[in-house]
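A.B. asks: This is the structure, below, for whatever I ask next.
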Amino acid sequence: MAKTGTINWSKKSKMQSFEEVYEVVKLIPEGRVSSYGAIAKYLSTGARLVGWAMNAAHGLHDVPAHRVVNRNGILTGKFHFESPTLMQELLEAEGIEIVADKIQNFSKIYWDPQIELSL
DNA sequence: ACCATGACTATAA
DNA sequence: CTTATAGCCATGG
């Protein structure tokens with residue numbers, strides 16, 4: 001049972017969408033962020049599904065949910081973390097500037113799976 | 001199957 | 001930028 005270098009859809013026919021989202025989120029580099037819509041589009045699914053997956057990602061260590069924000073670069077999910085300030089703290093720890101729950105230089109550090117993974 | 005809800009997004013005003 | 005509306009997909013009652 002080796003690690004999943006790539007997504008291993010062995011058996012588990014259920015909740016495949018969640019696993020897909022986790023795999024993509026785990027690929028987001030430090031200091032970069034992505035949006036629900038970008039991931040959703042990459043997986044050919046709805047943006048709300050990504051948010052739902054993140055909600056279920058609580059407790060899954062390997063999923064850096066703090067690197068996923070909405071299309072405005074707003075930390076919309078910060079209240080879903082252990083603390084309302086934890087998300088911002090984690091992002092700032094990676095060198096990301098945040099003012100009033102809004103990511104600065106958003107377009108600069110934005111990470112789109114459809115672009116970054118298709119090079 | 002229908003209805004309500006949710007860490008969303010595109011569009012219009 | 002905000003507000004309102006519609007579309008989106010999965011989950012739960």
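Lettering and numbering for the structure tokens are positional, with chains as A, B, ... in the shown order, residues counted from 1 in each chain, and ligands counted from 1 in the shown order.
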With only C-alpha atoms (C1' of nucleotides) as the counted atoms, please give the residues lying no more than 12 Å from DA6 in chain C, apart from itself and same-chain residues fewer than 4 positions off, as a PyMOL selection string.

C.D. replies: chain B and resi 9-12

A.B. asks: What are the residues of chain B that have an atom within 8 Å of an atom of chain A, counting only C-alpha atoms (C1' of nucleotides), as a list in words?

C.D. replies: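 That gives the following set of residues: DG6, DA7, DC8 and DT9 of chain B.
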
A.B. asks: Those same residues - N, CA, C and O atoms (P, O5', C5', C4', C3', O3' and C1' of nucleotides) - I'd like them written as a PDB file, in the first residue's frame.

C.D. replies:
ATOM      1  P    DG B   6     -27.035  27.288   6.161  1.00  0.00           P
ATOM      2  O5'  DG B   6     -25.712  26.889   5.344  1.00  0.00           O
ATOM      3  C5'  DG B   6     -24.934  25.773   5.744  1.00  0.00           C
ATOM      4  C4'  DG B   6     -23.846  25.499   4.718  1.00  0.00           C
ATOM      5  C3'  DG B   6     -23.110  26.778   4.270  1.00  0.00           C
ATOM      6  O3'  DG B   6     -21.701  26.610   4.373  1.00  0.00           O
ATOM      7  C1'  DG B   6     -23.902  25.549   2.402  1.00  0.00           C
ATOM      8  P    DA B   7     -21.081  27.662   5.372  1.00  0.00           P
ATOM      9  O5'  DA B   7     -19.665  27.812   4.688  1.00  0.00           O
ATOM     10  C5'  DA B   7     -19.169  29.115   4.373  1.00  0.00           C
ATOM     11  C4'  DA B   7     -17.959  28.991   3.496  1.00  0.00           C
ATOM     12  C3'  DA B   7     -18.151  28.186   2.214  1.00  0.00           C
ATOM     13  O3'  DA B   7     -17.671  28.954   1.124  1.00  0.00           O
ATOM     14  C1'  DA B   7     -16.203  27.494   3.325  1.00  0.00           C
ATOM     15  P    DC B   8     -18.592  30.037   0.464  1.00  0.00           P
ATOM     16  O5'  DC B   8     -18.573  29.419  -0.999  1.00  0.00           O
ATOM     17  C5'  DC B   8     -17.479  28.680  -1.492  1.00  0.00           C
ATOM     18  C4'  DC B   8     -17.477  28.743  -3.009  1.00  0.00           C
ATOM     19  C3'  DC B   8     -17.131  30.118  -3.573  1.00  0.00           C
ATOM     20  O3'  DC B   8     -16.306  29.976  -4.729  1.00  0.00           O
ATOM     21  C1'  DC B   8     -19.271  29.457  -4.314  1.00  0.00           C
ATOM     22  P    DT B   9     -15.779  31.322  -5.426  1.00  0.00           P
ATOM     23  O5'  DT B   9     -16.782  31.392  -6.661  1.00  0.00           O
ATOM     24  C5'  DT B   9     -16.886  30.262  -7.543  1.00  0.00           C
ATOM     25  C4'  DT B   9     -17.679  30.650  -8.780  1.00  0.00           C
ATOM     26  C3'  DT B   9     -17.279  32.004  -9.376  1.00  0.00           C
ATOM     27  O3'  DT B   9     -17.239  31.879 -10.794  1.00  0.00           O
ATOM     28  C1'  DT B   9     -19.591  32.004  -8.868  1.00  0.00           C
TER      29       DT B   9
END

A.B. asks: Can you work out the spacing between CA of Gln114 in chain A and CA of Ala38 in chain A in Å, to one decimal?

C.D. replies: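 We find that CA of Gln114 in chain A and CA of Ala38 in chain A lie 7.6 Å from each other.
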
A.B. asks: Mind checking DSSP for chain A and telling me the strand (DSSP E or B) residues as a short mmCIF file (atom, residue, chain, number, x, y, z; two decimals) with N, CA, C and O atoms, in the first residue's frame?

C.D. replies:
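Result file selection.cif:
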data_model
loop_
_atom_site.label_atom_id
_atom_site.label_comp_id
_atom_site.auth_asym_id
_atom_site.auth_seq_id
_atom_site.Cartn_x
_atom_site.Cartn_y
_atom_site.Cartn_z
N VAL A 33 -2.30 30.53 -3.20
CA VAL A 33 -3.68 30.23 -2.82
C VAL A 33 -4.50 29.90 -4.07
O VAL A 33 -4.12 30.23 -5.18
N SER A 34 -5.61 29.25 -3.87
CA SER A 34 -6.49 28.93 -4.99
C SER A 34 -7.93 29.24 -4.59
O SER A 34 -8.19 29.59 -3.45
N SER A 35 -8.82 29.09 -5.55
CA SER A 35 -10.22 29.40 -5.25
C SER A 35 -11.09 28.16 -5.44
O SER A 35 -10.71 27.21 -6.12
N VAL A 68 -7.26 27.86 0.46
CA VAL A 68 -8.40 27.93 -0.47
C VAL A 68 -9.36 29.05 -0.03
O VAL A 68 -9.89 29.03 1.07
N VAL A 69 -9.51 30.03 -0.90
CA VAL A 69 -10.40 31.15 -0.60
C VAL A 69 -11.38 31.33 -1.74
O VAL A 69 -11.31 30.62 -2.75
N ILE A 74 -11.10 36.57 -0.48
CA ILE A 74 -11.60 36.77 0.88
C ILE A 74 -11.56 35.45 1.64
O ILE A 74 -11.88 34.41 1.09
N ILE A 98 -2.39 39.82 4.38
CA ILE A 98 -3.85 39.86 4.49
C ILE A 98 -4.29 41.13 5.23
O ILE A 98 -3.76 41.46 6.28
N VAL A 99 -5.24 41.82 4.62
CA VAL A 99 -5.77 43.02 5.25
C VAL A 99 -7.30 42.95 5.24
O VAL A 99 -7.91 42.80 4.18
N LYS A 102 -8.83 40.06 3.56
CA LYS A 102 -8.66 40.03 2.09
C LYS A 102 -7.19 39.81 1.77
O LYS A 102 -6.32 40.48 2.31
N ILE A 103 -6.91 38.87 0.85
CA ILE A 103 -5.54 38.57 0.48
C ILE A 103 -4.98 39.65 -0.46
O ILE A 103 -5.61 39.99 -1.45
N TYR A 110 -2.13 33.75 -6.92
CA TYR A 110 -3.23 32.86 -7.27
C TYR A 110 -2.72 31.62 -8.00
O TYR A 110 -1.90 31.72 -8.89
#

A.B. asks: Dump as a list in words the residues of chain C that approach chain A to within 8 Å, counting only C-alpha atoms (C1' of nucleotides).

C.D. replies: DC8, DC9 and DA10 of chain C

A.B. asks: Could you list, as number ranges by chain, every residue within 12 Å of DA4 in chain B, counting only C-alpha atoms (C1' of nucleotides) and ignoring same-chain residues fewer than 3 positions away?

C.D. replies: C: 11-13

A.B. asks: Store the residues picked out above, limited to C-alpha atoms (C1' of nucleotides), as a PDB file, in the first residue's frame.

C.D. replies:
ATOM      1  C1'  DT C  11     -25.919  16.008   1.772  1.00  0.00           C
ATOM      2  C1'  DG C  12     -29.740  15.401   4.992  1.00  0.00           C
ATOM      3  C1'  DG C  13     -34.616  15.463   6.402  1.00  0.00           C
TER       4       DG C  13
END
